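data.cif, holding mmCIF, C-alpha atoms:
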```
data_model
loop_
_atom_site.group_PDB
_atom_site.id
_atom_site.type_symbol
_atom_site.label_atom_id
_atom_site.label_comp_id
_atom_site.auth_asym_id
_atom_site.auth_seq_id
_atom_site.Cartn_x
_atom_site.Cartn_y
_atom_site.Cartn_z
ATOM 1 C CA MET A 1 72.419 -80.496 -55.200
ATOM 2 C CA SER A 2 70.192 -79.312 -57.880
ATOM 3 C CA TYR A 3 66.423 -79.219 -57.961
ATOM 4 C CA GLN A 4 64.878 -81.900 -60.110
ATOM 5 C CA PRO A 5 61.191 -81.495 -60.832
ATOM 6 C CA GLN A 6 59.061 -84.584 -60.433
ATOM 7 C CA SER A 7 56.966 -85.793 -63.251
ATOM 8 C CA PRO A 8 53.185 -85.646 -62.718
ATOM 9 C CA ASN A 9 52.954 -89.439 -62.995
ATOM 10 C CA GLN A 10 55.452 -89.982 -60.160
ATOM 11 C CA ASN A 11 53.497 -87.675 -57.774
ATOM 12 C CA ASP A 12 50.257 -89.560 -58.486
ATOM 13 C CA GLU A 13 51.970 -92.869 -57.719
ATOM 14 C CA ASP A 14 53.166 -91.570 -54.308
ATOM 15 C CA ASN A 15 49.637 -90.458 -53.343
ATOM 16 C CA HIS A 16 48.170 -93.751 -54.529
ATOM 17 C CA ASN A 17 50.468 -95.807 -52.258
ATOM 18 C CA ARG A 18 49.620 -93.762 -49.144
ATOM 19 C CA ARG A 19 46.543 -94.334 -47.013
ATOM 20 C CA LEU A 20 44.872 -91.837 -44.714
ATOM 21 C CA TYR A 21 45.065 -92.397 -40.988
ATOM 22 C CA ASN A 22 41.766 -93.411 -39.385
ATOM 23 C CA PRO A 23 41.938 -93.563 -35.566
ATOM 24 C CA TYR A 24 38.707 -95.596 -35.371
ATOM 25 C CA GLN A 25 39.567 -98.341 -37.857
ATOM 26 C CA ASP A 26 40.597 -100.986 -35.297
ATOM 27 C CA LEU A 27 37.786 -100.411 -32.822
ATOM 28 C CA GLY A 28 35.252 -102.520 -34.688
ATOM 29 C CA ILE A 29 32.292 -100.356 -33.652
ATOM 30 C CA PRO A 30 30.567 -97.535 -35.508
ATOM 31 C CA VAL A 31 31.817 -94.065 -34.679
ATOM 32 C CA GLN A 32 28.294 -92.921 -33.773
ATOM 33 C CA ASN A 33 28.177 -95.353 -30.834
ATOM 34 C CA LEU A 34 31.374 -93.972 -29.310
ATOM 35 C CA TYR A 35 29.719 -90.755 -28.235
ATOM 36 C CA LYS A 36 26.301 -91.926 -27.102
ATOM 37 C CA LEU A 37 25.762 -90.094 -23.853
ATOM 38 C CA PRO A 38 22.991 -90.845 -21.365
ATOM 39 C CA THR A 39 20.004 -88.533 -21.514
ATOM 40 C CA SER A 40 19.061 -88.800 -17.847
ATOM 41 C CA PRO A 41 21.049 -86.982 -15.162
ATOM 42 C CA GLU A 42 23.641 -89.053 -13.344
ATOM 43 C CA PHE A 43 24.079 -88.700 -9.592
ATOM 44 C CA LEU A 44 26.532 -90.244 -7.184
ATOM 45 C CA PHE A 45 23.913 -90.661 -4.467
ATOM 46 C CA GLN A 46 20.189 -91.294 -4.837
ATOM 47 C CA GLU A 47 19.353 -88.371 -2.517
ATOM 48 C CA GLU A 48 20.905 -85.962 -5.006
ATOM 49 C CA SER A 49 18.432 -86.976 -7.695
ATOM 50 C CA VAL A 50 15.474 -86.002 -5.485
ATOM 51 C CA ALA A 51 16.576 -82.370 -5.012
ATOM 52 C CA GLN A 52 15.741 -80.240 -8.031
ATOM 53 C CA ARG A 53 18.357 -77.600 -7.235
ATOM 54 C CA ARG A 54 21.769 -76.509 -8.441
ATOM 55 C CA SER A 55 24.721 -77.175 -6.161
ATOM 56 C CA TRP A 56 26.389 -74.268 -4.347
ATOM 57 C CA GLY A 57 29.239 -74.233 -6.876
ATOM 58 C CA GLU A 58 26.851 -74.128 -9.819
ATOM 59 C CA ASN A 59 24.862 -71.397 -8.055
ATOM 60 C CA LEU A 60 28.012 -69.383 -7.434
ATOM 61 C CA THR A 61 29.111 -69.665 -11.047
ATOM 62 C CA TYR A 62 25.642 -68.937 -12.415
ATOM 63 C CA TYR A 63 24.828 -65.854 -10.342
ATOM 64 C CA THR A 64 28.310 -64.368 -10.630
ATOM 65 C CA GLY A 65 28.430 -64.924 -14.389
ATOM 66 C CA ILE A 66 24.931 -63.644 -15.080
ATOM 67 C CA ALA A 67 25.481 -60.580 -12.896
ATOM 68 C CA TYR A 68 28.838 -59.794 -14.501
ATOM 69 C CA LEU A 69 27.520 -60.227 -18.030
ATOM 70 C CA GLY A 70 24.407 -58.150 -17.362
ATOM 71 C CA GLY A 71 26.426 -55.444 -15.634
ATOM 72 C CA ALA A 72 29.004 -55.346 -18.419
ATOM 73 C CA VAL A 73 26.315 -54.987 -21.104
ATOM 74 C CA TYR A 74 24.506 -52.304 -19.095
ATOM 75 C CA GLY A 75 27.769 -50.459 -18.396
ATOM 76 C CA ALA A 76 28.748 -50.636 -22.068
ATOM 77 C CA GLY A 77 25.404 -49.050 -22.921
ATOM 78 C CA LEU A 78 26.058 -46.271 -20.408
ATOM 79 C CA GLY A 79 29.516 -45.784 -21.891
ATOM 80 C CA LEU A 80 28.043 -45.646 -25.388
ATOM 81 C CA HIS A 81 25.643 -42.921 -24.276
ATOM 82 C CA LYS A 82 28.439 -40.979 -22.573
ATOM 83 C CA GLY A 83 30.735 -41.359 -25.580
ATOM 84 C CA VAL A 84 28.080 -40.111 -27.991
ATOM 85 C CA SER A 85 27.259 -37.152 -25.728
ATOM 86 C CA GLU A 86 30.945 -36.115 -25.715
ATOM 87 C CA PHE A 87 31.110 -35.696 -29.501
ATOM 88 C CA GLU A 88 32.435 -32.346 -30.642
ATOM 89 C CA SER A 89 31.775 -30.691 -33.967
ATOM 90 C CA GLY A 90 35.336 -31.029 -35.300
ATOM 91 C CA ASP A 91 35.842 -34.710 -34.357
ATOM 92 C CA THR A 92 36.794 -37.184 -37.043
ATOM 93 C CA THR A 93 35.027 -40.516 -37.321
ATOM 94 C CA LYS A 94 38.088 -42.282 -35.959
ATOM 95 C CA LEU A 95 38.115 -40.044 -32.875
ATOM 96 C CA ARG A 96 34.381 -40.557 -32.318
ATOM 97 C CA VAL A 97 34.717 -44.335 -32.513
ATOM 98 C CA ASN A 98 37.667 -44.141 -30.122
ATOM 99 C CA ARG A 99 35.619 -42.142 -27.597
ATOM 100 C CA ILE A 100 32.762 -44.634 -27.775
ATOM 101 C CA LEU A 101 35.036 -47.654 -27.377
ATOM 102 C CA ASN A 102 36.998 -46.119 -24.494
ATOM 103 C CA ASN A 103 33.876 -45.066 -22.583
ATOM 104 C CA SER A 104 32.050 -48.347 -23.271
ATOM 105 C CA GLY A 105 35.015 -50.427 -22.177
ATOM 106 C CA ALA A 106 35.672 -48.450 -19.016
ATOM 107 C CA ARG A 107 32.045 -48.293 -17.893
ATOM 108 C CA GLY A 108 31.288 -51.868 -18.918
ATOM 109 C CA ARG A 109 34.251 -53.203 -16.986
ATOM 110 C CA SER A 110 33.455 -51.141 -13.892
ATOM 111 C CA VAL A 111 29.732 -51.894 -13.739
ATOM 112 C CA GLY A 112 30.329 -55.540 -14.673
ATOM 113 C CA ASN A 113 32.820 -56.052 -11.847
ATOM 114 C CA THR A 114 30.485 -54.405 -9.342
ATOM 115 C CA ALA A 115 27.545 -56.545 -10.439
ATOM 116 C CA GLY A 116 29.725 -59.681 -10.405
ATOM 117 C CA VAL A 117 30.732 -59.043 -6.788
ATOM 118 C CA ILE A 118 27.090 -58.553 -5.828
ATOM 119 C CA GLY A 119 26.185 -61.820 -7.592
ATOM 120 C CA LEU A 120 29.024 -63.602 -5.794
ATOM 121 C CA LEU A 121 27.872 -62.334 -2.393
ATOM 122 C CA TYR A 122 24.260 -63.248 -3.133
ATOM 123 C CA ALA A 123 25.095 -66.760 -4.289
ATOM 124 C CA GLY A 124 27.294 -67.428 -1.263
ATOM 125 C CA ILE A 125 24.729 -66.190 1.243
ATOM 126 C CA GLU A 126 21.842 -67.992 -0.459
ATOM 127 C CA SER A 127 23.763 -71.285 -0.584
ATOM 128 C CA GLY A 128 24.682 -70.853 3.078
ATOM 129 C CA MET A 129 21.014 -70.303 3.962
ATOM 130 C CA VAL A 130 19.961 -73.398 2.026
ATOM 131 C CA ALA A 131 22.592 -75.475 3.850
ATOM 132 C CA LEU A 132 21.645 -73.973 7.226
ATOM 133 C CA ARG A 133 17.867 -74.323 6.892
ATOM 134 C CA ASP A 134 17.886 -77.458 4.710
ATOM 135 C CA THR A 135 15.043 -76.072 2.624
ATOM 136 C CA ASP A 136 14.782 -73.945 -0.499
ATOM 137 C CA ASP A 137 12.118 -71.250 -0.368
ATOM 138 C CA ILE A 138 11.568 -67.517 -0.774
ATOM 139 C CA ILE A 139 12.895 -66.778 2.721
ATOM 140 C CA ASN A 140 16.391 -67.893 1.726
ATOM 141 C CA SER A 141 16.345 -65.599 -1.283
ATOM 142 C CA VAL A 142 15.100 -62.559 0.638
ATOM 143 C CA VAL A 143 17.595 -63.092 3.481
ATOM 144 C CA ALA A 144 20.354 -63.481 0.874
ATOM 145 C CA GLY A 145 19.268 -60.185 -0.698
ATOM 146 C CA LEU A 146 19.268 -58.498 2.718
ATOM 147 C CA GLY A 147 22.702 -59.882 3.537
ATOM 148 C CA THR A 148 24.139 -59.015 0.148
ATOM 149 C CA GLY A 149 23.003 -55.387 0.344
ATOM 150 C CA ALA A 150 24.263 -55.049 3.906
ATOM 151 C CA VAL A 151 27.658 -56.640 3.259
ATOM 152 C CA TYR A 152 28.167 -54.713 0.022
ATOM 153 C CA LYS A 153 27.496 -51.356 1.705
ATOM 154 C CA ALA A 154 29.123 -52.235 5.063
ATOM 155 C CA ALA A 155 32.263 -50.201 4.327
ATOM 156 C CA SER A 156 30.152 -47.020 4.025
ATOM 157 C CA GLY A 157 28.859 -47.233 7.583
ATOM 158 C CA PHE A 158 26.033 -48.766 9.563
ATOM 159 C CA ARG A 159 23.267 -46.606 8.092
ATOM 160 C CA SER A 160 24.360 -47.333 4.503
ATOM 161 C CA ALA A 161 24.586 -51.045 5.307
ATOM 162 C CA ALA A 162 21.047 -51.032 6.740
ATOM 163 C CA VAL A 163 19.673 -49.166 3.721
ATOM 164 C CA GLY A 164 21.578 -51.476 1.343
ATOM 165 C CA GLY A 165 20.187 -54.514 3.143
ATOM 166 C CA VAL A 166 16.617 -53.243 2.928
ATOM 167 C CA VAL A 167 16.998 -52.353 -0.747
ATOM 168 C CA GLY A 168 18.566 -55.754 -1.492
ATOM 169 C CA GLY A 169 15.854 -57.648 0.383
ATOM 170 C CA ILE A 170 13.042 -55.740 -1.302
ATOM 171 C CA ALA A 171 14.615 -56.133 -4.748
ATOM 172 C CA VAL A 172 15.048 -59.885 -4.366
ATOM 173 C CA GLY A 173 11.592 -60.265 -2.812
ATOM 174 C CA LEU A 174 10.022 -58.467 -5.759
ATOM 175 C CA ALA A 175 12.066 -60.471 -8.258
ATOM 176 C CA VAL A 176 11.175 -63.838 -6.708
ATOM 177 C CA SER A 177 7.510 -62.894 -6.310
ATOM 178 C CA GLY A 178 7.393 -61.649 -9.894
ATOM 179 C CA LYS A 179 8.905 -64.916 -11.066
ATOM 180 C CA GLN A 180 6.260 -66.896 -9.179
ATOM 181 C CA VAL A 181 3.477 -64.754 -10.653
ATOM 182 C CA LEU A 182 4.873 -65.235 -14.147
ATOM 183 C CA LYS A 183 5.144 -69.000 -13.642
ATOM 184 C CA ARG A 184 1.554 -69.180 -12.479
ATOM 185 C CA TYR A 185 -0.236 -66.853 -14.880
ATOM 186 C CA VAL A 186 1.856 -66.729 -18.059
ATOM 187 C CA PRO A 187 1.767 -69.981 -20.039
ATOM 188 C CA ILE A 188 5.244 -70.605 -21.424
#
```
Now that the file is in, can you turn its structure into structure tokens?
Amino acid sequence: MSYQPQSPNQNDEDNHNRRLYNPYQDLGIPVQNLYKLPTSPEFLFQEESVAQRRSWGENLTYYTGIAYLGGAVYGAGLGLHKGVSEFESGDTTKLRVNRILNNSGARGRSVGNTAGVIGLLYAGIESGMVALRDTDDIINSVVAGLGTGAVYKAASGFRSAAVGGVVGGIAVGLAVSGKQVLKRYVPI
């Protein structure tokens, strides 16, 4: 078999006889109407529409993700600082960049995982309190902070667990109170 070049006119004739595939051609409705989604929230039960709260699964995902992301960014910043402080006078640029990346990655991963676990514990305890008390208020958040600090530090002993619980409760209490103050006095 030998290669026979096609004439330019023959190639144009082949393209002219073909038509492009359109998956919407037989539907008989405009494409824009296919993807019109409702703007109001949809609920399976009417009682769900009354509660203005995320479900426990959404809470778990939200708090764990936010805590991990925040911890990873903070840890990467710590690693950046450590990497820059370890520079030596004879280091090449490639070696300096390598130090920064190694320290940022190690610290970011470590701090991010720790913060993610704390977010996971907090979300689980808070969702349990909401289910137990059937109300959503500041008490649930503070108790979740107390429980999270205590459970996180439980392996270090009773005294560390008590201190961790107090620190967690105070931190969450201040955060929730600060949020309420901001909502009330700062027009956003």
Expand the PyMOL selection byres ((chain A and resi 79-93) around 10) into the explicit residue set it covers here, and present it as a PyMOL selection string. chain A and resi 73-78+94-108
Which residues are near Gly147 of chain A? Cut-off 8 Å, all atoms listed in the file, ignore same chain within fewer than 6 positions. Put them as a CSV table (one decimal) with C-alpha atoms, in the coordinates of the input.
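Just written: selection07.csv:
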```csv
chain,number,residue,atom,x,y,z
A,122,TYR,CA,24.3,-63.2,-3.1
A,125,ILE,CA,24.7,-66.2,1.2
A,165,GLY,CA,20.2,-54.5,3.1
A,168,GLY,CA,18.6,-55.8,-1.5
A,169,GLY,CA,15.9,-57.6,0.4
```
Go ahead and fit an axis-aligned box to every listed atom of segment 95-113 of chain A plus 8 Å each side, and pass me the centre and edge lengths in Å, one decimal, as AutoDock Vina command-line options.
```
--center_x 33.9 --center_y -48.0 --center_z -22.4 --size_x 24.4 --size_y 32.0 --size_z 37.0
```
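We find atom CA of Val163 of chain A and atom CA of Ala150 of chain A to be spaced 7.5 Å apart.
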As a ChimeraX atom specification, please: the residues near Ala161 of chain A (cut-off 8 Å, all atoms listed in the file, same-chain neighbours under 6 positions excluded). /A:149-155
Between atom CA of Asp134 of chain A and atom CA of Arg54 of chain A, what distance in Å does the model show, to one decimal? 13.7 Å
Who sits within 9 Å of Ile170 of chain A, only C-alpha atoms, same chain under 3 positions skipped, as a tab-separated table (two decimals) with C-alpha atoms, keeping the file's coordinate frame:
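Listing of out-v2.tsv after writing:
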```
chain	number	residue	atom	x	y	z
A	142	VAL	CA	15.10	-62.56	0.64
A	145	GLY	CA	19.27	-60.18	-0.70
A	146	LEU	CA	19.27	-58.50	2.72
A	165	GLY	CA	20.19	-54.51	3.14
A	166	VAL	CA	16.62	-53.24	2.93
A	167	VAL	CA	17.00	-52.35	-0.75
A	173	GLY	CA	11.59	-60.26	-2.81
A	174	LEU	CA	10.02	-58.47	-5.76
A	175	ALA	CA	12.07	-60.47	-8.26
```
Hey, can you check how far atom CA of Ala171 of chain A sits from atom CA of Ser141 of chain A?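 According to the coordinates, atom CA of Ala171 of chain A and atom CA of Ser141 of chain A are separated by 10.2 Å.
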Do a neighbour search on Tyr63 of chain A at 10 Å with all atoms listed in the file, toss out local chain neighbours closer than 4 positions, and write the hits as a PyMOL selection string. chain A and resi 58-59+67-69+115-124
Take the residues just selected and output them with C-alpha atoms as a PDB file, in the coordinates of the input.
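What follows is the written file selection.pdb:
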```
ATOM      1  CA  GLU A  58      26.851 -74.128  -9.819  1.00  0.00           C
ATOM      2  CA  ASN A  59      24.862 -71.397  -8.055  1.00  0.00           C
ATOM      3  CA  ALA A  67      25.481 -60.580 -12.896  1.00  0.00           C
ATOM      4  CA  TYR A  68      28.838 -59.794 -14.501  1.00  0.00           C
ATOM      5  CA  LEU A  69      27.520 -60.227 -18.030  1.00  0.00           C
ATOM      6  CA  ALA A 115      27.545 -56.545 -10.439  1.00  0.00           C
ATOM      7  CA  GLY A 116      29.725 -59.681 -10.405  1.00  0.00           C
ATOM      8  CA  VAL A 117      30.732 -59.043  -6.788  1.00  0.00           C
ATOM      9  CA  ILE A 118      27.090 -58.553  -5.828  1.00  0.00           C
ATOM     10  CA  GLY A 119      26.185 -61.820  -7.592  1.00  0.00           C
ATOM     11  CA  LEU A 120      29.024 -63.602  -5.794  1.00  0.00           C
ATOM     12  CA  LEU A 121      27.872 -62.334  -2.393  1.00  0.00           C
ATOM     13  CA  TYR A 122      24.260 -63.248  -3.133  1.00  0.00           C
ATOM     14  CA  ALA A 123      25.095 -66.760  -4.289  1.00  0.00           C
ATOM     15  CA  GLY A 124      27.294 -67.428  -1.263  1.00  0.00           C
TER      16      GLY A 124
END
```
So which residues get picked by the PyMOL selection byres ((chain A and resi 130) around 12) here, written as a PyMOL selection string? chain A and resi 51+53-56+59+123-129+131-144
